[in-house]
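Below is final31.pdb, holding PDB, C-alpha atoms.
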```pdb
ATOM      1  CA  MET A   1       0.000   0.000   0.000
ATOM      2  CA  GLU A   2       1.223   3.483  -0.869
ATOM      3  CA  ALA A   3       0.452   6.263   1.593
ATOM      4  CA  SER A   4      -1.903   8.862   0.162
ATOM      5  CA  PRO A   5      -0.885  12.531   0.003
ATOM      6  CA  LEU A   6      -3.355  13.136   2.837
ATOM      7  CA  PHE A   7      -1.385  10.773   5.106
ATOM      8  CA  TRP A   8       1.832  12.655   4.376
ATOM      9  CA  ILE A   9       0.229  16.067   4.915
ATOM     10  CA  LEU A  10      -1.488  15.135   8.189
ATOM     11  CA  PHE A  11       1.588  13.404   9.591
ATOM     12  CA  ASN A  12       3.970  16.256   8.801
ATOM     13  CA  ALA A  13       1.474  18.810  10.100
ATOM     14  CA  GLY A  14       1.365  16.876  13.374
ATOM     15  CA  VAL A  15       5.177  16.784  13.559
ATOM     16  CA  LEU A  16       5.386  20.526  12.914
ATOM     17  CA  GLY A  17       2.811  21.134  15.628
ATOM     18  CA  LEU A  18       4.811  19.075  18.138
ATOM     19  CA  LEU A  19       7.989  20.995  17.318
ATOM     20  CA  LEU A  20       6.264  24.355  17.694
ATOM     21  CA  LEU A  21       4.747  23.299  21.026
ATOM     22  CA  ASP A  22       8.127  22.150  22.288
ATOM     23  CA  LEU A  23       9.848  25.359  21.197
ATOM     24  CA  GLY A  24       7.203  27.847  22.217
ATOM     25  CA  VAL A  25       5.000  26.354  24.931
ATOM     26  CA  PHE A  26       7.079  23.736  26.722
ATOM     27  CA  ALA A  27      10.459  25.487  26.534
ATOM     28  CA  ARG A  28      11.541  26.356  30.084
ATOM     29  CA  LYS A  29      12.753  29.824  31.038
ATOM     30  CA  ASP A  30      14.170  31.185  34.271
ATOM     31  CA  ALA A  31      12.899  34.233  36.182
ATOM     32  CA  SER A  32      14.740  36.611  33.836
ATOM     33  CA  GLY A  33      13.223  35.014  30.733
ATOM     34  CA  ALA A  34      16.480  33.315  29.704
ATOM     35  CA  PRO A  35      16.526  29.627  28.661
ATOM     36  CA  ALA A  36      16.632  27.250  31.634
ATOM     37  CA  PRO A  37      18.193  23.764  31.784
ATOM     38  CA  VAL A  38      15.795  20.851  31.244
ATOM     39  CA  PRO A  39      15.265  18.871  34.494
ATOM     40  CA  VAL A  40      15.670  15.101  34.308
ATOM     41  CA  ARG A  41      12.086  14.543  35.512
ATOM     42  CA  THR A  42      10.689  16.716  32.718
ATOM     43  CA  ALA A  43      12.894  14.951  30.173
ATOM     44  CA  LEU A  44      11.700  11.538  31.371
ATOM     45  CA  ILE A  45       8.057  12.598  31.044
ATOM     46  CA  LYS A  46       8.659  13.933  27.525
ATOM     47  CA  SER A  47      10.550  10.774  26.522
ATOM     48  CA  ALA A  48       7.699   8.593  27.771
ATOM     49  CA  ALA A  49       5.200  10.780  25.907
ATOM     50  CA  TYR A  50       7.088  10.439  22.605
ATOM     51  CA  ILE A  51       7.351   6.662  23.039
ATOM     52  CA  GLY A  52       3.627   6.603  23.810
ATOM     53  CA  LEU A  53       2.922   8.516  20.595
ATOM     54  CA  ALA A  54       4.929   5.950  18.632
ATOM     55  CA  VAL A  55       2.910   3.138  20.222
ATOM     56  CA  LEU A  56      -0.364   4.900  19.350
ATOM     57  CA  PHE A  57       0.855   5.330  15.772
ATOM     58  CA  PHE A  58       1.690   1.602  15.669
ATOM     59  CA  LEU A  59      -1.869   0.809  16.804
ATOM     60  CA  TRP A  60      -3.281   3.154  14.157
ATOM     61  CA  MET A  61      -1.240   1.389  11.471
ATOM     62  CA  ARG A  62      -2.448  -1.950  12.822
ATOM     63  CA  MET A  63      -6.041  -0.865  12.254
ATOM     64  CA  SER A  64      -5.834   1.375   9.190
ATOM     65  CA  TYR A  65      -2.629   1.219   7.103
ATOM     66  CA  GLY A  66      -3.237  -1.596   4.657
ATOM     67  CA  LEU A  67      -5.898  -3.080   2.403
ATOM     68  CA  THR A  68      -6.223  -6.394   4.263
ATOM     69  CA  PRO A  69      -5.757  -7.475   7.898
ATOM     70  CA  GLU A  70      -2.598  -9.344   6.912
ATOM     71  CA  GLU A  71      -1.147  -6.303   5.162
ATOM     72  CA  ARG A  72      -2.006  -4.052   8.105
ATOM     73  CA  ALA A  73      -0.330  -6.479  10.518
ATOM     74  CA  THR A  74       2.815  -6.624   8.367
ATOM     75  CA  ASN A  75       2.995  -2.852   7.896
ATOM     76  CA  SER A  76       2.564  -2.137  11.604
ATOM     77  CA  LEU A  77       5.227  -4.688  12.576
ATOM     78  CA  GLU A  78       7.609  -3.206  10.005
ATOM     79  CA  PHE A  79       7.038   0.214  11.558
ATOM     80  CA  LEU A  80       7.634  -1.123  15.073
ATOM     81  CA  THR A  81      10.811  -2.933  14.026
ATOM     82  CA  GLY A  82      12.085   0.137  12.177
ATOM     83  CA  TYR A  83      11.258   2.378  15.128
ATOM     84  CA  LEU A  84      13.128   0.079  17.503
ATOM     85  CA  ILE A  85      16.187   0.117  15.244
ATOM     86  CA  GLU A  86      16.125   3.887  14.819
ATOM     87  CA  TRP A  87      15.448   4.467  18.534
ATOM     88  CA  SER A  88      18.417   2.290  19.482
ATOM     89  CA  LEU A  89      20.716   4.070  17.054
ATOM     90  CA  SER A  90      19.491   7.440  18.341
ATOM     91  CA  VAL A  91      20.509   6.390  21.867
ATOM     92  CA  ASP A  92      23.962   5.827  20.415
ATOM     93  CA  ASN A  93      23.800   9.422  19.150
ATOM     94  CA  ILE A  94      23.542  10.590  22.751
ATOM     95  CA  PHE A  95      27.078   9.360  23.428
ATOM     96  CA  VAL A  96      28.342  11.845  20.837
ATOM     97  CA  PHE A  97      26.091  14.681  22.054
ATOM     98  CA  VAL A  98      27.365  14.261  25.619
ATOM     99  CA  LEU A  99      30.951  14.254  24.376
ATOM    100  CA  LEU A 100      30.429  17.359  22.217
ATOM    101  CA  PHE A 101      28.699  19.440  24.882
ATOM    102  CA  ALA A 102      31.177  18.474  27.587
ATOM    103  CA  ARG A 103      34.267  18.884  25.398
ATOM    104  CA  PHE A 104      33.267  22.330  24.164
ATOM    105  CA  GLY A 105      31.757  23.592  27.415
ATOM    106  CA  VAL A 106      28.251  24.304  26.107
ATOM    107  CA  PRO A 107      26.197  25.644  29.050
ATOM    108  CA  ALA A 108      23.240  23.440  29.962
ATOM    109  CA  ALA A 109      20.755  26.266  29.293
ATOM    110  CA  TYR A 110      21.823  26.447  25.617
ATOM    111  CA  GLN A 111      21.902  22.719  24.869
ATOM    112  CA  HIS A 112      18.133  22.552  24.336
ATOM    113  CA  ARG A 113      18.256  25.108  21.497
ATOM    114  CA  VAL A 114      21.181  23.406  19.781
ATOM    115  CA  LEU A 115      19.397  20.061  19.898
ATOM    116  CA  PHE A 116      16.117  21.555  18.662
ATOM    117  CA  TRP A 117      17.661  22.999  15.505
ATOM    118  CA  GLY A 118      19.934  19.983  15.110
ATOM    119  CA  ILE A 119      16.968  17.616  15.167
ATOM    120  CA  LEU A 120      14.959  19.828  12.811
ATOM    121  CA  GLY A 121      17.834  19.664  10.340
ATOM    122  CA  ALA A 122      18.062  15.895  10.852
ATOM    123  CA  LEU A 123      14.389  15.475   9.940
ATOM    124  CA  VAL A 124      14.912  17.329   6.669
ATOM    125  CA  MET A 125      18.122  15.451   5.790
ATOM    126  CA  ARG A 126      16.638  12.049   6.550
ATOM    127  CA  GLY A 127      13.467  12.826   4.625
ATOM    128  CA  VAL A 128      15.519  13.609   1.525
ATOM    129  CA  MET A 129      17.721  10.518   1.988
ATOM    130  CA  ILE A 130      14.679   8.248   2.399
ATOM    131  CA  LEU A 131      12.946   9.549  -0.724
ATOM    132  CA  VAL A 132      16.134   9.257  -2.786
ATOM    133  CA  GLY A 133      16.959   5.816  -1.364
ATOM    134  CA  THR A 134      13.461   4.503  -2.054
ATOM    135  CA  ALA A 135      13.531   5.757  -5.627
ATOM    136  CA  LEU A 136      16.954   4.184  -6.237
ATOM    137  CA  LEU A 137      15.948   0.811  -4.754
ATOM    138  CA  ARG A 138      12.835   0.669  -6.919
ATOM    139  CA  GLU A 139      14.844   1.496 -10.036
ATOM    140  CA  PHE A 140      17.936  -0.603  -9.282
ATOM    141  CA  ASP A 141      17.168  -3.623  -7.095
ATOM    142  CA  TRP A 142      20.846  -4.672  -7.085
ATOM    143  CA  LEU A 143      21.465  -1.767  -4.702
ATOM    144  CA  MET A 144      20.059  -4.095  -2.023
ATOM    145  CA  VAL A 145      23.350  -5.973  -2.313
ATOM    146  CA  VAL A 146      25.365  -2.766  -1.947
ATOM    147  CA  PHE A 147      23.348  -1.670   1.100
ATOM    148  CA  GLY A 148      23.555  -5.139   2.627
ATOM    149  CA  LEU A 149      27.322  -5.374   2.261
ATOM    150  CA  PHE A 150      27.666  -1.828   3.577
ATOM    151  CA  LEU A 151      25.666  -2.694   6.707
ATOM    152  CA  VAL A 152      27.759  -5.794   7.371
ATOM    153  CA  TRP A 153      30.961  -3.762   6.955
ATOM    154  CA  SER A 154      29.605  -0.878   9.043
ATOM    155  CA  GLY A 155      28.544  -3.219  11.849
ATOM    156  CA  TRP A 156      31.949  -4.889  11.866
ATOM    157  CA  LYS A 157      33.690  -1.515  11.913
ATOM    158  CA  MET A 158      31.490  -0.340  14.823
ATOM    159  CA  LEU A 159      32.247  -3.527  16.746
ATOM    160  CA  ARG A 160      35.996  -3.089  16.313
ATOM    161  CA  SER A 161      35.896   0.571  17.390
ATOM    162  CA  ALA A 162      33.388   0.138  20.250
ATOM    163  CA  GLU A 163      36.058   0.770  22.883
ATOM    164  CA  ALA A 164      37.733   3.659  21.068
ATOM    165  CA  GLU A 165      37.299   7.269  22.172
ATOM    166  CA  HIS A 166      37.434  10.152  19.725
ATOM    167  CA  ASP A 167      38.154  13.799  20.457
ATOM    168  CA  PRO A 168      35.667  16.014  18.531
ATOM    169  CA  ALA A 169      38.192  18.868  18.641
ATOM    170  CA  ASP A 170      40.215  16.895  16.059
ATOM    171  CA  SER A 171      37.427  17.250  13.463
ATOM    172  CA  SER A 172      38.682  18.394  10.049
ATOM    173  CA  VAL A 173      35.358  20.198   9.529
ATOM    174  CA  LEU A 174      35.916  22.153  12.752
ATOM    175  CA  ARG A 175      39.418  23.122  11.657
ATOM    176  CA  TRP A 176      38.054  24.247   8.275
ATOM    177  CA  MET A 177      35.355  26.415   9.900
ATOM    178  CA  ARG A 178      37.788  27.969  12.376
ATOM    179  CA  ALA A 179      40.159  28.871   9.548
ATOM    180  CA  ARG A 180      37.528  30.492   7.316
ATOM    181  CA  LEU A 181      34.806  31.914   9.567
ATOM    182  CA  PRO A 182      35.027  34.847  11.971
ATOM    183  CA  VAL A 183      34.282  33.231  15.336
ATOM    184  CA  THR A 184      33.667  35.044  18.619
ATOM    185  CA  GLU A 185      36.008  34.122  21.447
ATOM    186  CA  GLY A 186      33.178  32.874  23.646
ATOM    187  CA  PHE A 187      29.467  32.161  23.678
ATOM    188  CA  ARG A 188      27.063  35.055  23.168
ATOM    189  CA  GLY A 189      24.093  33.733  25.083
ATOM    190  CA  ASN A 190      22.158  31.271  22.932
ATOM    191  CA  ALA A 191      22.831  33.190  19.697
ATOM    192  CA  PHE A 192      24.325  31.433  16.684
ATOM    193  CA  THR A 193      25.504  34.646  15.035
ATOM    194  CA  VAL A 194      26.097  38.196  16.283
ATOM    195  CA  ARG A 195      27.231  41.495  14.811
ATOM    196  CA  GLU A 196      30.391  42.812  16.443
ATOM    197  CA  ALA A 197      32.822  45.497  15.329
ATOM    198  CA  GLY A 198      30.681  46.153  12.272
ATOM    199  CA  ARG A 199      30.728  42.614  10.880
ATOM    200  CA  ARG A 200      28.681  39.441  11.213
ATOM    201  CA  MET A 201      30.394  36.764  13.307
ATOM    202  CA  VAL A 202      29.449  33.214  14.198
ATOM    203  CA  THR A 203      29.522  32.004  17.782
ATOM    204  CA  PRO A 204      30.950  28.705  19.081
ATOM    205  CA  LEU A 205      27.346  27.561  19.500
ATOM    206  CA  LEU A 206      26.900  27.527  15.711
ATOM    207  CA  LEU A 207      30.039  25.416  15.312
ATOM    208  CA  VAL A 208      28.613  22.901  17.787
ATOM    209  CA  LEU A 209      25.325  22.863  15.833
ATOM    210  CA  VAL A 210      27.199  22.057  12.626
ATOM    211  CA  LEU A 211      29.010  19.192  14.368
ATOM    212  CA  ILE A 212      25.667  17.907  15.697
ATOM    213  CA  GLU A 213      24.217  17.947  12.167
ATOM    214  CA  LEU A 214      27.243  16.135  10.752
ATOM    215  CA  THR A 215      27.005  13.549  13.523
ATOM    216  CA  ASP A 216      23.418  12.770  12.576
ATOM    217  CA  LEU A 217      24.343  12.636   8.894
ATOM    218  CA  PHE A 218      26.991   9.993   9.613
ATOM    219  CA  PHE A 219      24.576   8.007  11.779
ATOM    220  CA  ALA A 220      21.913   8.249   9.072
ATOM    221  CA  LEU A 221      24.288   6.553   6.622
ATOM    222  CA  ASP A 222      23.915   3.454   8.822
ATOM    223  CA  SER A 223      20.346   3.821  10.033
ATOM    224  CA  ILE A 224      18.626   4.494   6.692
ATOM    225  CA  PRO A 225      20.032   1.367   4.957
ATOM    226  CA  ALA A 226      19.294  -0.589   8.158
ATOM    227  CA  ILE A 227      15.591   0.194   8.076
ATOM    228  CA  PHE A 228      15.455  -0.522   4.331
ATOM    229  CA  ALA A 229      16.296  -4.099   5.345
ATOM    230  CA  VAL A 230      12.932  -4.117   7.153
ATOM    231  CA  SER A 231      10.734  -2.132   4.739
ATOM    232  CA  THR A 232      11.010  -0.242   1.475
ATOM    233  CA  ASP A 233       7.729   1.620   2.002
ATOM    234  CA  PRO A 234       8.853   5.277   2.251
ATOM    235  CA  PHE A 235       5.994   6.181   4.605
ATOM    236  CA  ILE A 236       6.957   3.436   7.078
ATOM    237  CA  VAL A 237      10.672   4.247   6.844
ATOM    238  CA  TYR A 238      10.042   7.978   7.244
ATOM    239  CA  THR A 239       7.595   7.750  10.144
ATOM    240  CA  ALA A 240       9.811   5.332  12.067
ATOM    241  CA  ASN A 241      12.717   7.754  11.668
ATOM    242  CA  VAL A 242      10.653  10.768  12.670
ATOM    243  CA  PHE A 243       9.296   9.217  15.865
ATOM    244  CA  ALA A 244      12.781   8.123  16.912
ATOM    245  CA  ILE A 245      14.293  11.559  16.225
ATOM    246  CA  LEU A 246      11.462  13.543  17.830
ATOM    247  CA  GLY A 247      12.170  11.986  21.207
ATOM    248  CA  LEU A 248      15.936  12.290  20.894
ATOM    249  CA  ARG A 249      16.207  15.725  22.516
ATOM    250  CA  ALA A 250      14.185  14.740  25.581
ATOM    251  CA  MET A 251      16.023  11.430  25.774
ATOM    252  CA  TYR A 252      19.359  13.248  25.856
ATOM    253  CA  PHE A 253      18.436  15.170  28.983
ATOM    254  CA  ALA A 254      16.920  12.041  30.536
ATOM    255  CA  LEU A 255      19.908   9.768  29.893
ATOM    256  CA  ALA A 256      22.908  12.116  29.774
ATOM    257  CA  GLY A 257      23.800  11.387  33.390
ATOM    258  CA  ILE A 258      23.814   7.593  32.937
ATOM    259  CA  ILE A 259      24.693   7.183  29.262
ATOM    260  CA  HIS A 260      28.237   6.198  30.260
ATOM    261  CA  ARG A 261      26.699   3.038  31.741
ATOM    262  CA  PHE A 262      25.405   1.839  28.344
ATOM    263  CA  HIS A 263      28.772   0.228  27.796
ATOM    264  CA  TYR A 264      27.649  -2.686  25.611
ATOM    265  CA  LEU A 265      25.051  -0.860  23.514
ATOM    266  CA  LYS A 266      27.502  -0.244  20.667
ATOM    267  CA  HIS A 267      28.346  -3.954  20.659
ATOM    268  CA  GLY A 268      24.659  -4.841  20.412
ATOM    269  CA  LEU A 269      24.031  -2.281  17.674
ATOM    270  CA  SER A 270      26.971  -3.533  15.650
ATOM    271  CA  VAL A 271      25.568  -7.075  15.748
ATOM    272  CA  VAL A 272      22.111  -5.785  14.737
ATOM    273  CA  LEU A 273      23.582  -3.909  11.763
ATOM    274  CA  MET A 274      25.427  -7.022  10.559
ATOM    275  CA  ILE A 275      22.273  -9.145  10.928
ATOM    276  CA  LEU A 276      20.209  -6.572   9.019
ATOM    277  CA  GLY A 277      22.851  -6.501   6.291
ATOM    278  CA  ALA A 278      22.653 -10.280   6.010
ATOM    279  CA  LYS A 279      18.833 -10.047   5.933
ATOM    280  CA  MET A 280      18.984  -7.536   3.097
ATOM    281  CA  LEU A 281      21.280  -9.822   1.114
ATOM    282  CA  ALA A 282      18.967 -12.774   1.778
ATOM    283  CA  ASN A 283      15.941 -10.760   0.662
ATOM    284  CA  TRP A 284      17.643  -9.866  -2.606
ATOM    285  CA  TYR A 285      18.727 -13.470  -3.231
ATOM    286  CA  ALA A 286      15.229 -14.816  -2.489
ATOM    287  CA  GLY A 287      13.523 -12.114  -4.543
ATOM    288  CA  GLY A 288      11.348 -11.133  -1.595
ATOM    289  CA  LYS A 289      11.272 -11.192   2.193
ATOM    290  CA  ALA A 290      13.396 -14.179   3.137
ATOM    291  CA  VAL A 291      13.045 -13.520   6.878
ATOM    292  CA  PRO A 292       9.572 -12.734   8.319
ATOM    293  CA  VAL A 293       9.339  -9.339   9.981
ATOM    294  CA  GLU A 294       8.211 -10.979  13.243
ATOM    295  CA  TYR A 295      11.569 -12.752  13.518
ATOM    296  CA  ALA A 296      13.464  -9.564  12.721
ATOM    297  CA  LEU A 297      11.526  -7.689  15.436
ATOM    298  CA  LEU A 298      12.097 -10.421  18.030
ATOM    299  CA  LEU A 299      15.805 -10.749  17.272
ATOM    300  CA  THR A 300      16.431  -7.001  17.180
ATOM    301  CA  GLY A 301      14.522  -6.409  20.406
ATOM    302  CA  THR A 302      16.310  -9.243  22.188
ATOM    303  CA  ILE A 303      19.789  -8.044  21.205
ATOM    304  CA  ILE A 304      19.142  -4.393  22.077
ATOM    305  CA  ALA A 305      17.378  -5.168  25.359
ATOM    306  CA  GLY A 306      20.065  -7.684  26.269
ATOM    307  CA  SER A 307      22.935  -5.276  25.586
ATOM    308  CA  ILE A 308      21.287  -2.525  27.658
ATOM    309  CA  ALA A 309      20.430  -4.893  30.525
ATOM    310  CA  LEU A 310      23.963  -6.305  30.585
ATOM    311  CA  SER A 311      25.420  -2.786  30.525
ATOM    312  CA  LEU A 312      23.289  -1.584  33.442
ATOM    313  CA  TRP A 313      24.047  -4.716  35.473
ATOM    314  CA  LYS A 314      27.811  -4.479  34.881
ATOM    315  CA  THR A 315      27.854  -0.784  35.873
ATOM    316  CA  ARG A 316      25.262  -0.988  38.677
ATOM    317  CA  ASN A 317      27.709   0.461  41.208
ATOM    318  CA  ASP A 318      28.887   3.353  39.014
ATOM    319  CA  PRO A 319      27.831   6.826  40.219
ATOM    320  CA  PRO A 320      25.776   9.080  37.878
ATOM    321  CA  GLN A 321      27.522  11.877  36.010
ATOM    322  CA  ASP A 322      26.080  15.374  35.672
ATOM    323  CA  VAL A 323      27.455  15.692  32.150
ATOM    324  CA  ALA A 324      24.528  17.759  30.911
ATOM    325  CA  HIS A 325      25.528  20.557  33.265
ATOM    326  CA  GLN A 326      29.280  20.265  33.411
ATOM    327  CA  GLY A 327      29.896  22.260  30.246
ATOM    328  CA  SER A 328      29.861  25.726  31.728
ATOM    329  CA  ALA A 329      33.541  26.599  31.841
ATOM    330  CA  PRO A 330      34.166  29.445  29.334
ATOM    331  CA  GLU A 331      37.711  28.342  28.712
ATOM    332  CA  LYS A 332      36.460  25.182  27.024
ATOM    333  CA  ALA A 333      35.319  27.262  24.063
ATOM    334  CA  GLU A 334      39.019  27.460  23.154
ATOM    335  CA  ALA A 335      38.636  24.038  21.526
ATOM    336  CA  LEU A 336      36.106  25.569  19.135
ATOM    337  CA  THR A 337      37.656  28.977  18.447
ATOM    338  CA  GLY A 338      41.311  28.137  18.742
ATOM    339  CA  LYS A 339      41.611  31.087  21.156
ATOM    340  CA  ALA A 340      41.489  31.523  24.872
ATOM    341  CA  GLY A 341      37.861  32.154  25.961
TER     342      GLY A 341
END
```
If you took the structure in this file and wrote it as structure tokens, what would it be?
Amino acid sequence: MEASPLFWILFNAGVLGLLLLDLGVFARKDASGAPAPVPVRTALIKSAAYIGLAVLFFLWMRMSYGLTPEERATNSLEFLTGYLIEWSLSVDNIFVFVLLFARFGVPAAYQHRVLFWGILGALVMRGVMILVGTALLREFDWLMVVFGLFLVWSGWKMLRSAEAEHDPADSSVLRWMRARLPVTEGFRGNAFTVREAGRRMVTPLLLVLVLIELTDLFFALDSIPAIFAVSTDPFIVYTANVFAILGLRAMYFALAGIIHRFHYLKHGLSVVLMILGAKMLANWYAGGKAVPVEYALLLTGTIIAGSIALSLWKTRNDPPQDVAHQGSAPEKAEALTGKAG
């Protein structure tokens, strides 16, 4: 079944409404009207609400998205499997967000705005990638082999580098921006650009936003082919991505203090990517769905849940870290500007 234009319009209107509510109504401010840090309790409530919305959407698909009961059941399970994959990979994104904000000393009050615009950009980028990927797969079915091999290689690469730590200050993109853009020596509130000394300058906050966008782009190169192993329906692929990304900002503030305990998540994700790559290759060889979506959902859920449970058990005695609020030292902006803050 192909989603009608009405489905696309209503869904995107709902997403836009959620973003506007989050930015305008639910955004916290302190007594002076300045942005306030997001409390963990609020972030947990928002995360639960976004997961609840995804579950409601799954139930709607179960009842409405398909011409027959069997088709509706398959479509809804494909959405749920895709959402689980994208949600798990978005948790992995939080590792990078924590590292970026802590390394570059982004004050907690400004992190919400960076993530809002970063996620808005991610929605646009992923929408374009999904539409292009769907069109290519329908025109050239042999690309299933390319995507499958890429997922197997990407999963293996992630597994081998799971223990490695990377310094975002070593980014070649960051060096390029510092060399060519006029950057203020420190943050200017939550502004991305300011006018100083008669010229327009970018702030370190904009450089962090660019790094956030690039991070999601690199993650999307794995996640989009991964969900194509589950479904090639662009509406299912897109909606699963959107629901996972919408809750990412709230999930960051909910999990930032304990994300260091998710030690084995990368290992689990790497195995899932390799399995999905093998599934995509099997689908191409069989000329259809070689592995039922129910099995893919069960296997994916078991691996992800198992890796998280093992991580939390192994690190049960580790203290929480207040990483979402530790980035307030002005001198850390030196890593972004190349100057003393």
(Q) I need the output of the PyMOL selection byres ((chain A and resi 246) around 9) for this file as a PyMOL selection string; which residues are they? (A) chain A and resi 15+18-19+50+119-120+123+241-245+247-250
So which residues touch stretch 224-233 of chain A within 7 Å, counting only C-alpha atoms, skipping near sequence neighbours fewer than 6 positions away, as a short mmCIF file (atom, residue, chain, number, x, y, z; two decimals) with C-alpha atoms, in the frame of the given file?
```
data_model
loop_
_atom_site.label_atom_id
_atom_site.label_comp_id
_atom_site.auth_asym_id
_atom_site.auth_seq_id
_atom_site.Cartn_x
_atom_site.Cartn_y
_atom_site.Cartn_z
CA GLU A 78 7.61 -3.21 10.01
CA GLY A 82 12.08 0.14 12.18
CA ILE A 130 14.68 8.25 2.40
CA THR A 134 13.46 4.50 -2.05
CA PHE A 147 23.35 -1.67 1.10
CA LEU A 151 25.67 -2.69 6.71
CA LEU A 273 23.58 -3.91 11.76
CA LEU A 276 20.21 -6.57 9.02
CA LYS A 279 18.83 -10.05 5.93
CA MET A 280 18.98 -7.54 3.10
CA VAL A 293 9.34 -9.34 9.98
#
```
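For the choices A:Leu310, A:Leu298, A:Ile275, A:Leu211, the atom-to-atom distance to A:Val114 is smallest for A:Leu211 when using only C-alpha atoms.
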**Q.** Selection result of the PyMOL selection byres ((chain A and resi 282) around 12) on this file, as a VMD selection string
**A.** chain A and resid 144 to 145 147 to 149 229 to 230 275 to 281 283 to 292
So that I have them on file, write out the residues from the current selection with C-alpha atoms, as a PDB file, in the coordinates of the input.
```
ATOM      1  CA  MET A 144      20.059  -4.095  -2.023  1.00  0.00           C
ATOM      2  CA  VAL A 145      23.350  -5.973  -2.313  1.00  0.00           C
ATOM      3  CA  PHE A 147      23.348  -1.670   1.100  1.00  0.00           C
ATOM      4  CA  GLY A 148      23.555  -5.139   2.627  1.00  0.00           C
ATOM      5  CA  LEU A 149      27.322  -5.374   2.261  1.00  0.00           C
ATOM      6  CA  ALA A 229      16.296  -4.099   5.345  1.00  0.00           C
ATOM      7  CA  VAL A 230      12.932  -4.117   7.153  1.00  0.00           C
ATOM      8  CA  ILE A 275      22.273  -9.145  10.928  1.00  0.00           C
ATOM      9  CA  LEU A 276      20.209  -6.572   9.019  1.00  0.00           C
ATOM     10  CA  GLY A 277      22.851  -6.501   6.291  1.00  0.00           C
ATOM     11  CA  ALA A 278      22.653 -10.280   6.010  1.00  0.00           C
ATOM     12  CA  LYS A 279      18.833 -10.047   5.933  1.00  0.00           C
ATOM     13  CA  MET A 280      18.984  -7.536   3.097  1.00  0.00           C
ATOM     14  CA  LEU A 281      21.280  -9.822   1.114  1.00  0.00           C
ATOM     15  CA  ASN A 283      15.941 -10.760   0.662  1.00  0.00           C
ATOM     16  CA  TRP A 284      17.643  -9.866  -2.606  1.00  0.00           C
ATOM     17  CA  TYR A 285      18.727 -13.470  -3.231  1.00  0.00           C
ATOM     18  CA  ALA A 286      15.229 -14.816  -2.489  1.00  0.00           C
ATOM     19  CA  GLY A 287      13.523 -12.114  -4.543  1.00  0.00           C
ATOM     20  CA  GLY A 288      11.348 -11.133  -1.595  1.00  0.00           C
ATOM     21  CA  LYS A 289      11.272 -11.192   2.193  1.00  0.00           C
ATOM     22  CA  ALA A 290      13.396 -14.179   3.137  1.00  0.00           C
ATOM     23  CA  VAL A 291      13.045 -13.520   6.878  1.00  0.00           C
ATOM     24  CA  PRO A 292       9.572 -12.734   8.319  1.00  0.00           C
TER      25      PRO A 292
END
```
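Proximity of A:Phe150, A:Phe79, A:Phe7, A:Phe253 to A:Thr239, computed with only C-alpha atoms, is greatest for A:Phe79.
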Q: Could you expand the PyMOL selection byres ((chain A and resi 254) around 10) into the explicit residues it covers here, written as a VMD selection string?
A: chain A and resid 38 to 47 248 to 253 255 to 259 324
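Coordinates place atom CA of A:Val132 at a distance of 14.7 Å from atom CA of A:Ile236.
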(Q) I'd like the interatomic distance between atom CA of A:Thr215 and atom CA of A:Asp92, to a tenth of an Å. (A) 10.8 Å
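If all atoms listed in the file are the atoms counted, then among A:Trp156, A:Phe140, A:Tyr238, A:Phe58 the closest residue to A:Ala3 is A:Tyr238.
The coordinates place atom CA of A:Ser161 at 19.9 Å from atom CA of A:Gly306.
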Q) Which of these, A:Leu6, A:Val106, A:Leu131, A:Val210, has the shortest distance to A:Met177 once you count all atoms listed in the file? A) A:Val210
Q: Starting from the point (25.4, -2.1, 19.4), work out which residues of protein, DNA or RNA have an atom no more than 12 Å away when counting only C-alpha atoms; state them as a PyMOL selection string.
A: chain A and resi 85-93+154-163+262-275+300-308+311
Q. Quick one: of A:Thr193, A:Val124, A:Asn317, A:Ala309, who's nearest to A:Leu217, counting all atoms listed in the file?
A. A:Val124
